[in-house]
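Engineer: Got a structure here, written out as C-alpha cells. Questions coming.
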Protein chains: 4
Amino acid sequence: MLNPHEIISEGSEVVVYIDERRRWIVRVVRGKVFGSDRGYIKYDDIIGQTIGSEVKLSTGFSAYVLKPLLIDYLEKGFRRRTQVLYPKDMGLILVLLGIGPGSRVLESGIGSGFMTSVIANVVRPDGHVYAYEVREDFAKIAMENLARVGLDKYVTVKIRDIREGVDERDLDAAVIDLPNPWEALDSIYSALKPSAPVAFFLPTVSQVEKLLNAIQEHRGFTDLRCFEVLLREFHLVSGAIRPRTRMIGHTGYIFFARKVIVK
Amino acid sequence: MLNPHEIISEGSEVVVYIDERRRWIVRVVRGKVFGSDRGYIKYDDIIGQTIGSEVKLSTGFSAYVLKPLLIDYLEKGFRRRTQVLYPKDMGLILVLLGIGPGSRVLESGIGSGFMTSVIANVVRPDGHVYAYEVREDFAKIAMENLARVGLDKYVTVKIRDIREGVDERDLDAAVIDLPNPWEALDSIYSALKPSAPVAFFLPTVSQVEKLLNAIQEHRGFTDLRCFEVLLREFHLVSGAIRPRTRMIGHTGYIFFARKVIVK
Amino acid sequence: MLNPHEIISEGSEVVVYIDERRRWIVRVVRGKVFGSDRGYIKYDDIIGQTIGSEVKLSTGFSAYVLKPLLIDYLEKGFRRRTQVLYPKDMGLILVLLGIGPGSRVLESGIGSGFMTSVIANVVRPDGHVYAYEVREDFAKIAMENLARVGLDKYVTVKIRDIREGVDERDLDAAVIDLPNPWEALDSIYSALKPSAPVAFFLPTVSQVEKLLNAIQEHRGFTDLRCFEVLLREFHLVSGAIRPRTRMIGHTGYIFFARKVIVK
Amino acid sequence: MLNPHEIISEGSEVVVYIDERRRWIVRVVRGKVFGSDRGYIKYDDIIGQTIGSEVKLSTGFSAYVLKPLLIDYLEKGFRRRTQVLYPKDMGLILVLLGIGPGSRVLESGIGSGFMTSVIANVVRPDGHVYAYEVREDFAKIAMENLARVGLDKYVTVKIRDIREGVDERDLDAAVIDLPNPWEALDSIYSALKPSAPVAFFLPTVSQVEKLLNAIQEHRGFTDLRCFEVLLREFHLVSGAIRPRTRMIGHTGYIFFARKVIVK
C-alpha cells in the first residue's frame with residue numbers, strides 16, 4: 001500500500017497517461033527513456049516526483065504519471081492467454097455474491113487470473129481464493145499476474161479438474177468459468193456452505209440451457225437467475241457526446257444460484 | 001459473521017424463497033407465522049434448522065430459508081426514499097475504483113445508502129466511508145439501512161453540502177451522486193490523494209456534458225471516461241430461454257476521472 | 001388517400017394528440033364530444049378544419065388533430081389478440097427483404113395483422129400478401145384491422161396450416177411468425193422463387209437453435225443470419241434528455257435465409 | 001424486375017455467396033473468371049443457370065449465385081463517401097413515416113444515397129423523392145448508386161442548401177440527415193403537408209438537445225419522439241449460438257415530429 005503522496009522511485013510501476021488511446025503501465029528504470037509517438041520522457045525526470053503529477057514530453061505535450069489501479073492491469077497490464085471476463089461482468093458478480101473481507105471463495109477455472117484478482121482484492125487479508133485449474137500454463141500466467149499486483153498470497157491454485165472433487169468445505173461463494181459446469185455441480189455443492197451463492201459465466205445460450213436443466217435435476221440449488229451485461233463507452237467530446245461507434249456486443253451470461261439443503 | 005452451518009434462531013433475519021417472484025426478507029419471531037398466497041409456515045418450525053434448508057408450506061409447496069445476501073437487501077430489504085444505483089452500476093464502479101479492504105472513500109450524497117453499503121462491505125474493517133449528505137432524512141434512512149446489515153460502523157455521515165468543503169484529506173477514492181457535481185470539484189479534489197479515482201453517477205446526458213466542460217476547465221482531473229451499463233435478465237424456462245420482456249432501459253451514466261497535480 | 005389539405009369531416013378518423021401519453025385515434029361524429037382529463041372538444045368544432053390543426057380543449061389546453069399514420073394504428077388503433085411484432089422488428093424485416101410495390105409475399109401466421117399491414121402498405125397496389133393462418137378468430141381480427149386502414153384488398157387469408165402446403169408459387173419473399181417454423185420449411189420452399197428471401201420471427205433462442213438445425217439439414221436455404229433489435233425511446237425534456245427508465249427488453253429474434261437450388 | 005426463374009446472362013449482376021464472410025456482388029462477363037481464396041468459377045459456367053443455383057468452385061467448395069437484394073447493395077454494393085444510415089435505422093424510419101407507393105418525400109442531405117434507395121424502393125412508381133444536397137460529389141455518387149439498382153428515375157436531386165428554401169409543397173414526409181437541422185425547420189415546414197411526419201437522424205445527443213429546443217421554439221411541429229436502435233447479430237453455430245463479440249454500438253438518434261398548423 002502506498003502512502004498518500006507516494007513518491008515515484010526506481011522500480012515503481014506507473015501508468016503514463018497521454019490520452020485515452022495512449023496509456024501504458026511501465027516500470028521506472030533509472031537511465032532509461034519512455035518513448036511514444038507524442039514524444040519521450042526520461043525516467044530520471046520523474047523519479048522523485050509525486051505520483052499523479054503532470055509531466056512534459058520532449059515535444060511539449062502533457063502526460064500524467066498515475067498510480068496503476070487494478071482496472072489498469074485488467075485493461076492493459078496483465079498477460080492473457082484465455083478469454084477473460086470483463087469489468088462489467090466482474091462487477092455484477094461481486095455485487096451478486098456479496099463477497100468482502102474474510103470471504104473464502106471457490107474459483108474454477110482460473111484462466112488468466114483476471115476474475116481472481118478482483119475477488120482476491122476484496123477478500124484480503126483474511127479471506128482466500130481456492131482456485132482449481134486443469135491447465136498448468138494458465139495457472140502459471142494467472143499467478144504471475146496476481147503476483148504483479150501483490151495478490152498472489154491470497155490465492156491457492158490447484159492443478160486439478162474440479163469434477164474430481166474439491167478439498168475445501170463451507171466456502172462462502174463460488175465463481176465458475178468452465179465450458180461444462182453442469183459436470184461440476186457435485187463438487188461445487190460439496191465445497192459451499194448451505195445457502196452460499198455461486199455465479200457461473202457462460203458464453204453461449206446453449207450452455208445456459210444445459211446448466212439450467214442439470215441444476216434443476218440436481219436439486220441442490222435454488223434462486224436461479226441469469227443476466228447479461230452490456231457496456232457502452234461514450235466518446236467524450238464537448239458538444240458532440242455520443243456512444244462509441246464500436247462496442248463489445250457479447251462476452252457471456254452470468255448464471256446465479258444458491259446452495260440449498262433439500263429434505 | 002455466521003458460522004458455516006448457521007442455525008436459525010429467534011430474531012434471525014432470513015430470506016423465505018418460494019419462487020422468483022415470491023421472496024421476502026423476514027425476521028423470525030417465535031409463535032408467529034409467515035403467510036403467502038402459496039401457504040404459510042410457522043416460524044417455530046424453522047427455528048433450529050440450518051440456514052439454506054428446504055421447508056414445506058402448509059399447502060405442501062416447497063420454500064427455502066436462505067441467509068440474506070447484500071443483494072437481497074439491495075433488491076428487497078432496504079428502505080428507499082431516493083433514486084438508487086442499481087447493482088449493475090455499483091458493480092462497475094467497484095471494479096473501476098479498485099477499492100478493497102482498508103480503502104478510505106468519499107461519498108456524496110448518501111441517498112438511501114445503497115451504494116454506501118456496497119462500498120462499506122468491501123473496505124471493512126480498516127477502511128471507512130466518509131459520506132456527505134444535505135438531507136438529514138436521507139442520512140437517517142441510509143444509516144438505518146446500514147445498521148440493519150452491520151455496516152454502519154464503517155460509515156461516518158456528515159449533514160453538510162459537500163460544496164462547502166470536506167474535512168478529509170488523502171482519501172483513496174470518491175463516489176459522487178449529486179445533481180450538480182460540477183460545483184463540487186474543488187471539494188472532491190481536496191479530499192483525494194493524488195492520482196486517486198472518482199466515479200460520478202449522472203442520470204442525464206446534459207449532466208455528462210456539463211461535468212465534462214467543468215472538469216476540463218478545472219484541470220485537476222484526467223483519464224475522463226464515461227460508461228453506461230445495460231442489464232438484461234433472462235426468463236429461465238427450459239426449452240424457452242429468452243430475455244425478459246421488460247427491462248430497466250436507463251439508470252444513469254458513470255463518469256470516471258482521476259485527480260492529477262498540474263504544474 | 002387524402003388530398004394535401006384534407007378537411008376533417010363527419011366520420012373521419014383522426015388522432016387527437018395532447019401530449020405523449022395522451023393521444024387517441026377517434027372517429028369524428030357530429031353532435032358528440034371528445035373528453036379527456038385535460039378537457040373536452042366538441043367534434044362539431046373540428047369538422048371543417050384542416051387536418052393537422054391546433055385546437056383548444058375546454059380547459060384552454062392545446063391539442064392537435066392529426067391524420068393517423070400506420071404507426072398510430074400499430075401503437076394505438078388496431079385490436080390485438082396475439083403477441084405482435086414491434087415497429088423496430090418490422091422495419092428491419094422490410095429492409096432485409098427489400099420488398100416494395102409489386103412484391104408478392106407469403107405470410108404465416110397472420111396474428112393480429114400488424115406485420116401484414118406494414119407489408120401490404122409497401123406492396124400495393126399490384127403486389128399481394130398471401131397469408132396462412134390456422135386460427136379463424138385471429139384471421140378475422142387481422143382482416144378487420146386491415147380493412148380499417150384500407151389495406152385488406154391487398155391481402156388474401158387462407159385458414160390453413162401452412163405445413164399442409166401452399167397454393168402459391170414463385171413468391172418474392174416470406175415472413176414466418178410460427179411457433180414451429182422448422183416444420184414448415186418444405187411449404188415455404190415450394191412457395192418462393194429461387195433466391196427469394198424469408199424472415200422468421202422467433203421469441204426464444206431454443207427456437208433459433210431448432211430452426212438452424214432443421215434448415216441446415218433441409219439444405220434448400222443459404223445466407224442464414226440472425227438479428228435482435230433493441231429500441232430505446234428517449235425522454236425529451238430540454239436540459240435533461242435521457243433514455244426512458246423502462247423499455248421493452250425483448251420481443252424476438254429475426255432469422256433470415258434465402259432459397260437456393262441445390263444440385 | 002425479374003421473371004420468376006431468372007436465367008443468369010452476360011452482364012447480370014449477381015451475388016456470389018460462399019459463406020457469411022465471403023459474399024460479393026459481381027457482374028457476369030463472358031470469358032472471365034471469379035476468383036476467391038476458396039477457389040474460382042468461370043462465369044461461362046453460370047451463364048444460362050437459374051438465379052439461386054448452387055455452383056461448385058474449382059476447389060469443390062459450394063457457392064450460390066443469388067439475385068442481389070437491396071440489402072446486398074446497402075451492405076456490399078454501393079459506393080460510400082459519407083457516414084451512412086444502417087438498415088436498423090432505415091427500417092424504423094420507414095415504419096414511423098408510413099410511406100409507401102405514391103408517397104412524395106423530402107430528403108436532405110442525400111449522402112451516398114443509401115436511405116434514398118430504401119425510400120425510392122417503396123414509393124415507386126408514382127411517388128418521388130426530392131433530395132437536396134449541397135455537395136455535388138455526394139449527389140453524383142448517390143445517383144450512381146441509385147442508377148445501379150434502377151431507382152434513379154424516382155429521385156430528383158437538387159444541389160442546394162435546404163436552408164435556402166425548397167420548391168415542393170404538400171409532401172407526405174421528410175427524412176433529414178443534416179448536421180444542423182434546426183436551421184432548416186422553416187424549409188421543412190414549408191415543404192410538408194399539414195400533419196405530415198419528419199424523421200431527423202442525429203449522431204450526437206447535443207444535436208438532439210439543440211433540435212428539441214429549436215423545434216419547441218418554432219412551434220410548427222408536435223408529437224416529438226426520439227429513438228435509438230441497437231442491432232445485435234448472432235453467431236449461428238449449432239450448439240453454440242451467441243451474439244457476435246463485436247457490434248456497432250452507435251450510429252445515431254432518430255428524432256420524429258409532425259407538422260402542425262398553430263393558431
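We label chains A, B, ... in the order they appear in the C-alpha cells, count residues from 1 in each chain, and number ligands from 1 in the order shown.
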Please report as a list of chain:residue names which residues of chain A come no farther than 9 Å from chain C, using only C-alpha atoms.

Structural biologist: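 In the required form, that comes to A:Val205, A:Ser206, A:Glu209.
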
Engineer: As JSON, numbers by chain, please: every residue in stretch 10-242 of chain A that a backbone DSSP assignment puts in strand (DSSP E).

Structural biologist: {"A": [13, 14, 15, 16, 17, 18, 19, 22, 23, 24, 25, 26, 27, 33, 34, 35, 36, 39, 40, 41, 42, 53, 54, 55, 56, 62, 63, 64, 65, 66, 104, 105, 106, 107, 108, 128, 129, 130, 131, 132, 155, 156, 157, 158, 173, 174, 175, 176, 197, 198, 199, 200, 201, 202, 221, 222, 223, 224, 225, 226, 227, 228, 229, 230, 231, 232, 233, 234, 235, 242]}

Engineer: Go ahead and compute the interatomic distance for atom CA of D:Gly52 and atom CA of C:Glu107, in Å to one decimal.

Structural biologist: 21.2 Å

Engineer: What lies within 12 Å of D:Ile241 using only C-alpha atoms, ignoring chain neighbours under 6 positions off, as a list in words?

Structural biologist: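 Residues near the query, excluding close chain neighbours: Leu202, Pro203, Thr204, Val205, Ser206, Gln207, Val208, Glu209, His250 and Gly252 of chain A; Thr204, Val205, Ser206, Gln207, Val208, Glu209, Lys210, Leu211, Leu212, Asn213, Arg225, Cys226 and Phe227 of chain C; Glu233, Phe234 and His235 of chain D.
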
Engineer: Keeping C-alpha atoms, export the residues of the selection given above as a compact mmCIF listing (two decimals), in the first residue's frame.

Structural biologist:
# COMPACT_ATOMS: atom_id res chain seq x y z
CA LEU A 202 -21.27 -18.98 -19.81
CA PRO A 203 -20.56 -17.65 -23.33
CA THR A 204 -23.47 -19.33 -25.14
CA VAL A 205 -27.19 -19.75 -24.59
CA SER A 206 -26.85 -23.47 -25.24
CA GLN A 207 -24.66 -23.66 -22.14
CA VAL A 208 -27.23 -21.71 -20.15
CA GLU A 209 -29.88 -24.21 -21.21
CA HIS A 250 -21.21 -10.03 -26.16
CA GLY A 252 -21.22 -14.16 -21.76
CA THR C 204 -36.70 -17.83 -27.90
CA VAL C 205 -33.12 -18.90 -28.54
CA SER C 206 -34.21 -22.53 -28.37
CA GLN C 207 -36.35 -21.90 -31.44
CA VAL C 208 -33.43 -20.26 -33.20
CA GLU C 209 -31.35 -23.35 -32.50
CA LYS C 210 -34.04 -25.75 -33.72
CA LEU C 211 -34.60 -23.75 -36.87
CA LEU C 212 -30.87 -23.56 -37.53
CA ASN C 213 -30.51 -27.32 -37.24
CA ARG C 225 -28.36 -14.73 -40.44
CA CYS C 226 -29.94 -13.91 -37.12
CA PHE C 227 -30.58 -10.50 -35.56
CA GLU D 233 -26.19 -10.06 -34.96
CA PHE D 234 -25.81 -13.64 -33.77
CA HIS D 235 -23.11 -16.17 -34.41

Engineer: Find the residues near stretch 131-135 of chain B: any atom within 8 Å, counting only C-alpha atoms, skip ones fewer than 4 places away on the same chain, and give them as an MDAnalysis selection string.

Structural biologist: chainID B and resid 106:111 139 155:162

Engineer: Set the distance at 12 Å and use only C-alpha atoms: which residues neighbour A:Glu13 once local chain neighbours fewer than 5 positions away are removed? I'd like the list as a list of chain:residue names.

Structural biologist: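 In the requested format, the answer is A:Glu6, A:Ile7, A:Ile8, A:Trp24, A:Ile25, A:Val26, A:Arg27, A:Val28, A:Val29, A:Tyr43, A:Ile46, A:Ile47, A:Ile51, A:Val65, A:Leu66, A:Lys67, A:Pro68, A:Leu69, A:Asp72, A:Tyr73, A:Gly77, A:Arg148, A:Val149.
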
Engineer: One decimal, Å: what's the distance from atom CA of B:Leu151 over to atom CA of A:Gly91, could you say?

Structural biologist: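 Taking atom CA of B:Leu151 and atom CA of A:Gly91, their separation equals 20.1 Å.
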
Engineer: Which residues, written as a PDB file with N, CA and C atoms, in the first residue's frame, have at least one atom at most 12 Å from B:Ala147, with only C-alpha atoms counted and residues fewer than 4 positions away on the same chain left out?

Structural biologist:
ATOM      1  N   TYR B  73     -30.874  -7.414   0.319  1.00  0.00           N
ATOM      2  CA  TYR B  73     -31.226  -6.132   0.927  1.00  0.00           C
ATOM      3  C   TYR B  73     -31.348  -5.046  -0.142  1.00  0.00           C
ATOM      4  N   PHE B  78     -33.820  -3.010   1.912  1.00  0.00           N
ATOM      5  CA  PHE B  78     -33.571  -1.661   2.392  1.00  0.00           C
ATOM      6  C   PHE B  78     -34.765  -0.756   2.083  1.00  0.00           C
ATOM      7  N   GLY B 113     -28.398   5.008   0.944  1.00  0.00           N
ATOM      8  CA  GLY B 113     -27.305   4.201   1.478  1.00  0.00           C
ATOM      9  C   GLY B 113     -27.010   2.916   0.726  1.00  0.00           C
ATOM     10  N   THR B 116     -23.443   3.056  -0.513  1.00  0.00           N
ATOM     11  CA  THR B 116     -22.656   3.086   0.717  1.00  0.00           C
ATOM     12  C   THR B 116     -22.462   1.679   1.275  1.00  0.00           C
ATOM     13  N   SER B 117     -23.535   0.883   1.250  1.00  0.00           N
ATOM     14  CA  SER B 117     -23.434  -0.471   1.816  1.00  0.00           C
ATOM     15  C   SER B 117     -22.483  -1.338   0.994  1.00  0.00           C
ATOM     16  N   ALA B 120     -18.941  -0.022   1.843  1.00  0.00           N
ATOM     17  CA  ALA B 120     -18.563  -0.366   3.214  1.00  0.00           C
ATOM     18  C   ALA B 120     -18.255  -1.859   3.329  1.00  0.00           C
ATOM     19  N   LYS B 140     -30.611   9.603   7.687  1.00  0.00           N
ATOM     20  CA  LYS B 140     -31.194   8.744   8.722  1.00  0.00           C
ATOM     21  C   LYS B 140     -31.592   7.387   8.143  1.00  0.00           C
ATOM     22  N   ILE B 141     -32.289   7.412   7.013  1.00  0.00           N
ATOM     23  CA  ILE B 141     -32.689   6.153   6.376  1.00  0.00           C
ATOM     24  C   ILE B 141     -31.463   5.347   5.972  1.00  0.00           C
ATOM     25  N   ALA B 142     -30.485   6.032   5.410  1.00  0.00           N
ATOM     26  CA  ALA B 142     -29.273   5.337   4.972  1.00  0.00           C
ATOM     27  C   ALA B 142     -28.602   4.638   6.146  1.00  0.00           C
ATOM     28  N   MET B 143     -28.490   5.339   7.277  1.00  0.00           N
ATOM     29  CA  MET B 143     -27.805   4.740   8.420  1.00  0.00           C
ATOM     30  C   MET B 143     -28.629   3.601   9.025  1.00  0.00           C
ATOM     31  N   LEU B 151     -23.168  -2.642   8.872  1.00  0.00           N
ATOM     32  CA  LEU B 151     -22.103  -1.904   8.188  1.00  0.00           C
ATOM     33  C   LEU B 151     -22.020  -0.444   8.613  1.00  0.00           C
ATOM     34  N   ASP B 152     -22.878  -0.021   9.536  1.00  0.00           N
ATOM     35  CA  ASP B 152     -22.907   1.397   9.916  1.00  0.00           C
ATOM     36  C   ASP B 152     -21.622   1.844  10.593  1.00  0.00           C
ATOM     37  N   LYS B 153     -20.926   0.902  11.228  1.00  0.00           N
ATOM     38  CA  LYS B 153     -19.712   1.328  11.954  1.00  0.00           C
ATOM     39  C   LYS B 153     -18.559   1.684  11.022  1.00  0.00           C
ATOM     40  N   TYR B 154     -18.719   1.377   9.747  1.00  0.00           N
ATOM     41  CA  TYR B 154     -17.665   1.716   8.776  1.00  0.00           C
ATOM     42  C   TYR B 154     -17.987   2.983   8.000  1.00  0.00           C
ATOM     43  N   VAL B 155     -19.035   3.692   8.446  1.00  0.00           N
ATOM     44  CA  VAL B 155     -19.504   4.870   7.714  1.00  0.00           C
ATOM     45  C   VAL B 155     -19.697   6.037   8.669  1.00  0.00           C
TER      46      VAL B 155
END

Engineer: Show which residues sit within 9 Å of D:Asp126, as an NGL selection string. Count only C-alpha atoms, and ignore same-chain residues fewer than 6 positions away.

Structural biologist: :D and (101-104 or 154)

Engineer: At what distance in Å, to one decimal, does atom CA of B:Ala199 lie from atom CA of B:Phe256?

Structural biologist: 4.6 Å

Engineer: Write out as a list of chain:residue names all residues of stretch 161-213 of chain B that backbone DSSP assigns to alpha helix (DSSP H).

Structural biologist: B:Leu185, B:Asp186, B:Ser187, B:Ile188, B:Tyr189, B:Ser190, B:Ala191, B:Val205, B:Ser206, B:Gln207, B:Val208, B:Glu209, B:Lys210, B:Leu211, B:Leu212, B:Asn213

Engineer: Please write the residues from the selection above to a file, keeping C-alpha atoms, as an mmCIF file, in the first residue's frame.

Structural biologist:
data_model
loop_
_atom_site.group_PDB
_atom_site.id
_atom_site.type_symbol
_atom_site.label_atom_id
_atom_site.label_comp_id
_atom_site.auth_asym_id
_atom_site.auth_seq_id
_atom_site.Cartn_x
_atom_site.Cartn_y
_atom_site.Cartn_z
ATOM 1 C CA LEU B 185 -14.998 19.667 -7.982
ATOM 2 C CA ASP B 186 -12.839 21.710 -5.601
ATOM 3 C CA SER B 187 -14.111 19.783 -2.591
ATOM 4 C CA ILE B 188 -13.582 16.444 -4.261
ATOM 5 C CA TYR B 189 -10.116 17.468 -5.393
ATOM 6 C CA SER B 190 -9.088 18.500 -1.899
ATOM 7 C CA ALA B 191 -10.304 15.235 -0.376
ATOM 8 C CA VAL B 205 -26.536 13.371 -20.882
ATOM 9 C CA SER B 206 -26.853 17.087 -20.211
ATOM 10 C CA GLN B 207 -25.211 16.491 -16.842
ATOM 11 C CA VAL B 208 -22.459 14.488 -18.509
ATOM 12 C CA GLU B 209 -21.836 17.411 -20.832
ATOM 13 C CA LYS B 210 -21.790 19.984 -18.030
ATOM 14 C CA LEU B 211 -19.447 17.874 -15.938
ATOM 15 C CA LEU B 212 -17.168 17.294 -18.917
ATOM 16 C CA ASN B 213 -16.914 21.034 -19.574
#

Engineer: Using only C-alpha atoms, which of C:Ala173, C:Met115, C:Val55, C:Val123 sits nearest C:Leu146?

Structural biologist: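 When distances to C:Leu146 are compared using only C-alpha atoms, the smallest one comes from C:Met115.
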